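Take a look at the structure set out below.
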Amino acid sequence: MLTESEVRALTEFTAEGYLLTSMYFHVPKIQTLSHSKEQIALKDLFREARRRWNLSALSRTQAESLEQDSRRMIEFLSAQTEDGRRDQGLFACSVRGFFKAISLPRSPDTKVCVGDSFCIRPLVAQLDAYPRHCVVVVDREKAALYLFGMGEVEQRTSMQHDVPSHTRESGFGGYLERRIERHVDQEIQRHYQQVIEHLQALFKRYRFERLILAGHKENKAEFEKLLPEELRRRVIGRFVIDAKVATLDQVRQKALEVLREHERDRKQRLIQQALDNAGPMGRAVIGLDGMLGALQKREVQILLIGDNLGAGGKRCSNCGFLGGVSLKECPNCAGPLSAVEDVVEHAISRAIRDGAEVRFIDGSADFERAGNIAALLRYRSELRAT
Ligand SMILES: [Zn+2]
């Protein structure tokens, strides 16, 4: 399954002077091509991607490595049975013995990229659409914890705590009744505490940023009060469901609704925050040049990118500086610059490697007016000319 750490590992893979191949493959719904014709079509895609590089300037090892990347990818896709075929992201650098296949939950456009880093934008866009979230369904006796990643359940734990039912008997002037009720309440509290212990263990392992609470209204409230602060501040929403009969599909569906609404609001807030704080002294930058400058200084905390934004640019072969097409030499180290087809793709890779969050923005007129790209900063280094 696609995870943030896998994407990060791809951005950290060092090419060591070699070229890398990335491929996104969307399984056609209707198989219009015969097996052999599909292979020919795929080979054409690889040839097309390699053509952008000056092949005669490549070393023999380099050229053979690229050839082997494509062979391996076509073999991998051909080996999948008709029923077992899945949309894939494939990444290879044969000369260094690297090959990775990641099944994708959402269909990408089929394409091949060859470059000195892996093309990861489609992966980041998929993570953006399905951020990992944890759901706790709880009542006074039962609980279930779900960890969802990419719309699939990654972890599921069910718990049952036998709590004696409240008594209707009375005796000794209500003394017995009060005692039993106290006992029942203690058992409920103990149940909630056990659920929280499980939740904390899950959090420690997966560090999810989004927590959703579900159950009957009053149970959720009782439970939420007991949550430790580090979990409580991650609660992004709640929904009502009967813990005794809730199915996985119902939980997944309702959680997804809560998640979508939360993400929509959050992106709107992030856009507003970027627009409000952009400026020489502010903790945000807008526009491509401002963002690239902040990225170079490792100030970026959250990168916001218009869904379809791409832009040609330059990159320093010496220090990795990313800049606009008009630059003649690297302003950072005066090193030589080479043209890159899409500087945004490189910026996404670098942001991920630096531990920044990358979010895609669609359909915001305010954001488009601001150049379709912005970044919120971890800190503000001196005066910035924006
Ligand atoms: Zn440089």
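In the structure tokens, the first chain shown is A, the next is B, and so on; residue numbers restart at 1 for each chain, and ligands run from 1 in the order shown.
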Let me have all residues with an atom within 12 Å of ligand 1, counting only C-alpha atoms and all ligand atoms, laid out as a list in words. Gln296, Lys314, Arg315, Cys316, Ser317, Asn318, Cys319, Gly320, Phe321, Leu322, Gly323, Leu327, Lys328, Glu329, Cys330, Pro331, Asn332, Cys333, Ala334, Gly335, Pro336, Leu337 and Ser338 of chain A
Wanna dump the range 256-363 of chain A-range 129-146 of chain A contacts at 10 Å for me, each residue with its shortest atom pair and the distance in Å to one decimal, counting only C-alpha atoms, ordered by chain and number, as a tab-separated table?
residue	atom	partner	partner_atom	distance
A:Leu256	CA	A:Tyr130	CA	8.7
A:Leu259	CA	A:His133	CA	8.0
A:Arg260	CA	A:Ala129	CA	8.6
A:Glu263	CA	A:Ala129	CA	8.9
A:Arg359	CA	A:Ala129	CA	9.0
A:Phe360	CA	A:Ala129	CA	8.7
Just-selected residues, C-alpha atoms written as a tab-separated table (two decimals), in the first residue's frame:
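This went into result33.tsv:
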chain	number	residue	atom	x	y	z
A	256	LEU	CA	-14.57	9.44	4.50
A	259	LEU	CA	-12.45	13.47	6.30
A	260	ARG	CA	-13.45	15.13	3.01
A	263	GLU	CA	-9.79	18.52	4.30
A	359	ARG	CA	-1.25	19.74	-0.64
A	360	PHE	CA	-2.95	20.17	-4.00
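Residues in contact with Asp289 in chain A at 9 Å, where only C-alpha atoms are counted and same-chain residues fewer than 4 positions away are skipped, are listed as Val285, Gly293, Ala294, Gly323, Gly324 and Thr386 of chain A.
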Write out as a PyMOL selection string all residues of range 95-169 of chain A that DSSP puts in alpha helix (DSSP H) for this structure's backbone. chain A and resi 121-129
I need the residues from that last selection saved to file as a PDB file, in the first residue's frame (with C-alpha atoms), if you can.
ATOM      1  CA  ARG A 121       3.873  13.891  -8.168  1.00  0.00           C
ATOM      2  CA  PRO A 122       1.076  11.404  -8.991  1.00  0.00           C
ATOM      3  CA  LEU A 123       1.864   9.503  -5.770  1.00  0.00           C
ATOM      4  CA  VAL A 124       1.777  12.685  -3.690  1.00  0.00           C
ATOM      5  CA  ALA A 125      -1.537  13.635  -5.298  1.00  0.00           C
ATOM      6  CA  GLN A 126      -2.998  10.250  -4.283  1.00  0.00           C
ATOM      7  CA  LEU A 127      -1.805  10.653  -0.703  1.00  0.00           C
ATOM      8  CA  ASP A 128      -3.305  14.138  -0.689  1.00  0.00           C
ATOM      9  CA  ALA A 129      -6.689  12.702  -1.672  1.00  0.00           C
TER      10      ALA A 129
END
Pick out the closest residue to Gln155 in chain A from this set: A:Arg182, A:Arg205, A:Lys43, A:Arg8. Count only C-alpha atoms. A:Arg205
Counting only C-alpha atoms, figure out which residue out of A:Phe25, A:Phe208, A:Tyr192, A:Phe239 gets nearest to Phe91 in chain A.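 Under the stated criterion, the closest residue is A:Phe25.
Among the candidate residues A:Ser70, A:Ala347, A:Ala9, A:Tyr24, the one lying nearest to Asp44 in chain A is A:Ser70, with distances computed using only C-alpha atoms.
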All strand (DSSP E or B) positions in range 217-335 of chain A, as a ChimeraX atom specification: /A:235-240,278,284-286,300-306,313-316,322-323
Keeping C-alpha atoms for every residue in the selection just given, could you write it to a file as a tab-separated table (two decimals), in the first residue's frame?
chain	number	residue	atom	x	y	z
A	235	VAL	CA	-9.80	14.89	16.50
A	236	ILE	CA	-11.07	16.23	13.17
A	237	GLY	CA	-14.70	15.17	13.46
A	238	ARG	CA	-17.34	12.82	14.81
A	239	PHE	CA	-20.23	10.75	13.52
A	240	VAL	CA	-23.06	8.77	15.06
A	278	ALA	CA	2.65	36.64	2.40
A	284	ALA	CA	4.22	32.66	3.88
A	285	VAL	CA	5.25	33.16	0.28
A	286	ILE	CA	3.15	33.18	-2.86
A	300	VAL	CA	8.81	25.40	3.81
A	301	GLN	CA	6.39	23.70	6.16
A	302	ILE	CA	3.39	23.28	3.87
A	303	LEU	CA	3.54	23.56	0.11
A	304	LEU	CA	0.30	24.41	-1.69
A	305	ILE	CA	0.13	23.69	-5.41
A	306	GLY	CA	-2.57	24.24	-8.00
A	313	GLY	CA	12.82	25.96	-14.95
A	314	LYS	CA	16.50	25.56	-14.22
A	315	ARG	CA	18.44	23.54	-11.74
A	316	CYS	CA	21.98	23.95	-10.52
A	322	LEU	CA	15.88	25.42	-8.38
A	323	GLY	CA	14.95	28.56	-10.25
Quick one: residues within 12 Å of range 110-114 of chain A, only C-alpha atoms counted, chain neighbours fewer than 5 positions away excluded, as a PyMOL selection string? chain A and resi 15+18-28+41-55+62-63+65-67+69-70+73-74+87-93+119-122+340-342+345
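Comparing A:His161, A:Arg178, A:Arg71, A:Lys267 by their smallest distance to Ser94 in chain A, the closest is A:Arg71 (using only C-alpha atoms).
Considering the residues A:Gln194, A:Ser78, A:Thr11, A:Ser349 and counting only C-alpha atoms, Leu295 in chain A has its shortest atom-to-atom contact with A:Ser349.
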Please, what distance in Å, to one decimal, runs between CA of Leu226 in chain A and CA of Gln200 in chain A?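 Separation between CA of Leu226 in chain A and CA of Gln200 in chain A: 12.4 Å.
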Counting only C-alpha atoms, which residue out of A:His198, A:Asp276, A:Gly310, A:Gly151 sits closest to Asp249 in chain A? A:Gly151
Quick one: residues within 9 Å of Thr14 in chain A, only C-alpha atoms counted, chain neighbours fewer than 4 positions away excluded, as number ranges by chain? A: 10, 18, 116-117
File dump, residues just selected, N, CA and C atoms, as a PDB file, in the first residue's frame:
ATOM      1  N   LEU A  10      11.483   7.218  -1.887  1.00  0.00           N
ATOM      2  CA  LEU A  10      11.762   7.417  -3.320  1.00  0.00           C
ATOM      3  C   LEU A  10      12.463   8.756  -3.568  1.00  0.00           C
ATOM      4  N   TYR A  18      23.320   8.367 -12.278  1.00  0.00           N
ATOM      5  CA  TYR A  18      22.560   7.553 -13.232  1.00  0.00           C
ATOM      6  C   TYR A  18      21.163   8.122 -13.444  1.00  0.00           C
ATOM      7  N   ASP A 116      16.833  12.310 -13.416  1.00  0.00           N
ATOM      8  CA  ASP A 116      17.795  11.999 -12.359  1.00  0.00           C
ATOM      9  C   ASP A 116      17.148  11.928 -10.983  1.00  0.00           C
ATOM     10  N   SER A 117      15.817  12.039 -10.949  1.00  0.00           N
ATOM     11  CA  SER A 117      15.081  11.709  -9.725  1.00  0.00           C
ATOM     12  C   SER A 117      13.777  11.024 -10.151  1.00  0.00           C
TER      13      SER A 117
END
